[in-house]
Amino acid sequence: MSTITTEELSATTLLRFATAGSVDDGKSTLVGRLLHDSKSVLTDQLEAVQRVSADRGQDAPDLALLTDGLRAEREQGITIDVAYRYFATPRRRFILADTPGHVQYTRNMVTGASTAELTVILVDARNGVVEQTRRHAAIAALLRVPHVVLAVNKMDLVEYKESVFAVIAEEFTAYASELGVPEITAIPISALAGDNVVEPSAHMDWYGGPTFLEHLESVPVAHDLSHCHARLPVQYVIRPQSAELPDYRGYAGQIAAGTFRVGEAVTVLPSGRATRISAIDLLGKPVNTAWTTQSVTLLLEDDIDISRGDLIVPSKDAPATTQDIEATVCHVADQPLTVGHRVLLKHGTRTVKAIVKDIPSRLTLDDLSLHPHPGQLVANDIGRVKIRTAEPLPVDSYADSRRTGSFILIDPADGTTLTAGMVGESFAAPEPVKDGTDDDGWDF
């Protein structure tokens, strides 16, 4: 395994990306090939894979075993859980989420892609674009992943024909573009043979684009959230009440977006109380400025009633609070989501009661048409919902902030996650809310 110096790491950027695709499209093999050929596999890991492969009677190491870590995954030959891998090259650091391809585990793909700047969607060159390919493209568009790579895999099984690749790339690009995916790059590969993964393929001289790794290393990454709307969801109120700190009252949390500065006027939501930041503590030391992803403690000039779930924002850039949320969702639970469904809505660190007031439409993946007022969403459906919350929430549009524009719906009976939601407009246009919804039960 090659080593990278600390100086080289500090000079590189970070890319978070996720893989997706149908069962047996070769996601785990691609990830294994990427790690192996980029020399990102430890010697003992490779030896373990070689032993298992030999015990199975395989002539070459099964590189999929580098990522399929669960026993059930190895026995069934499918990916079940999201496997996160961390590796680096001299040009860039990577956090990779290898997500399952089976439709049953679409919820895991949503999890893996929710923080990704790039999504890799694999297609078996023999099968082309299938329903799960369309579903993954729709989820990538819904989650506003800025870059999508179409990896047309198993080109060795179609004799490396350019015509096969061209047809698949054209169909997928047209579909994803209609969804609003901003950038699509198609790359023909053979993960098993290593063609165009790390090294250029000698069998596809008709392809003049980058290899898979070259594209990952060179794709522009613009995920600096320090210039976005500043948001701090309060996680914990710190009051030591010790002899050294008798009057200390701090509000701790991870900055979801933007930058906070000492002396800045801020507002606490949903109460709307205004004050100023008197101090910022970071890792036990005072700082003048703190920014996105840093876990900090804010101290305020005024003694305000603040608790977990509140949101601290700049007074000049405060979001509106509302009890009526309109969003596009991906339903991930086995039980349907229905009109009138009583749920818990978790937004940031705050959880409130809510009612599904309407389901205006469900997206049909084949032709991207909208099925109006379906009445319910079943597992893996994508649709529009209108939700009424018991308390006002300060929500951003998902287009403005992926962190504070998202939420999940939870079953209040057993805590099961039902639905992942993105606030605001999406590729599925909303329709008018129905009147006369029965509000029996939680009436607000």
# chains A, B, ... in the order shown; residues from 1 in each chain; ligands from 1
>>> residues_around(residues="region 117-129 of chain A", least_positions_apart="4", cutoff="7 Å", atoms="only C-alpha atoms", output="list in words")
Leu15, Arg16, Phe17, Ala18, Thr19, Ala20, Gly21, Asp25, Lys27, Ala113, Thr133, Ala140, Val145, Pro146, His147, Val148, Val149, Leu150, Ala151, Val152, Asn153, Lys154, Met155, Val158, Ile168 and Phe172 of chain A
>>> residues_around(residues="Thr111 (chain A)", least_positions_apart="3", cutoff="12 Å", atoms="only C-alpha atoms", output="ChimeraX atom specification")
/A:17-20,81-84,97-100,105-108,114-116,139-140,143,330,332,408,417,419-421
>>> select_by_dssp(residues="region 133-359 of chain A", states="strand (DSSP E or B)", output="JSON, numbers by chain")
{"A": [147, 148, 149, 150, 151, 152, 153, 184, 185, 186, 187, 188, 190, 195, 199, 231, 232, 233, 236, 237, 238, 250, 251, 252, 253, 254, 257, 259, 260, 261, 265, 266, 267, 268, 269, 273, 274, 275, 276, 277, 278, 279, 280, 281, 282, 285, 286, 287, 289, 290, 291, 295, 296, 297, 298, 299, 300, 311, 312, 313, 314, 321, 322, 323, 324, 325, 326, 327, 328, 329, 330, 331, 337, 338, 342, 343, 344, 345, 346, 347, 350, 351, 352, 353, 354, 355, 356, 357, 358, 359]}
>>> residues_around(residues="His341 (chain A)", least_positions_apart="6", cutoff="10 Å", atoms="only C-alpha atoms", output="list in words")
Ala354, Ile355, Val356, Lys357, Asp358, Gln376, Ile387, Asp411, Asp439 and Trp442 of chain A
>>> closest_residue(among="A:Asp24, A:Glu391, A:Asp334, A:Glu171", to="Leu377 (chain A)", atoms="only C-alpha atoms")
A:Asp334
>>> atom_distance(atom1="CA of Pro286 (chain A)", atom2="CA of Pro319 (chain A)")
27.8 Å
>>> closest_residue(among="A:Cys228, A:Ala413, A:Leu311, A:Val296", to="Gly250 (chain A)", atoms="only C-alpha atoms")
A:Val296
>>> closest_residue(among="A:Arg33, A:Arg231, A:Lys285, A:His136", to="Ala193 (chain A)", atoms="only C-alpha atoms")
A:Arg33
>>> atom_distance(atom1="CA of Arg308 (chain A)", atom2="CA of Pro233 (chain A)")
7.8 Å
>>> atom_distance(atom1="CA of Ala252 (chain A)", atom2="CA of Pro240 (chain A)")
12.9 Å
>>> select_by_dssp(residues="region 177-266 of chain A", states="alpha helix (DSSP H)", output="list in words")
Ser177, Glu178, Leu179, Phe212, Leu213, Glu214, His215, Leu216, Glu217 and Ser218 of chain A
>>> write_last_selection(atoms="C-alpha atoms", output="mmCIF file, in the first residue's frame")
data_model
loop_
_atom_site.group_PDB
_atom_site.id
_atom_site.type_symbol
_atom_site.label_atom_id
_atom_site.label_comp_id
_atom_site.auth_asym_id
_atom_site.auth_seq_id
_atom_site.Cartn_x
_atom_site.Cartn_y
_atom_site.Cartn_z
ATOM 1 C CA SER A 177 -31.362 15.884 -17.617
ATOM 2 C CA GLU A 178 -35.152 15.989 -17.549
ATOM 3 C CA LEU A 179 -34.954 15.449 -13.781
ATOM 4 C CA PHE A 212 -13.112 6.681 -13.313
ATOM 5 C CA LEU A 213 -10.440 7.701 -10.786
ATOM 6 C CA GLU A 214 -9.219 10.585 -12.949
ATOM 7 C CA HIS A 215 -12.733 12.002 -12.985
ATOM 8 C CA LEU A 216 -13.087 11.605 -9.217
ATOM 9 C CA GLU A 217 -9.787 13.422 -8.739
ATOM 10 C CA SER A 218 -10.608 16.304 -11.077
#
>>> residues_around(residues="Leu30 (chain A)", least_positions_apart="2", cutoff="9 Å", atoms="only C-alpha atoms", output="list in words")
Gly26, Lys27, Ser28, Gly32, Arg33, Leu34, Leu35, Leu63, Ala64, Asn153, Ser190, Ala191, Leu192, Gly194 and Val197 of chain A
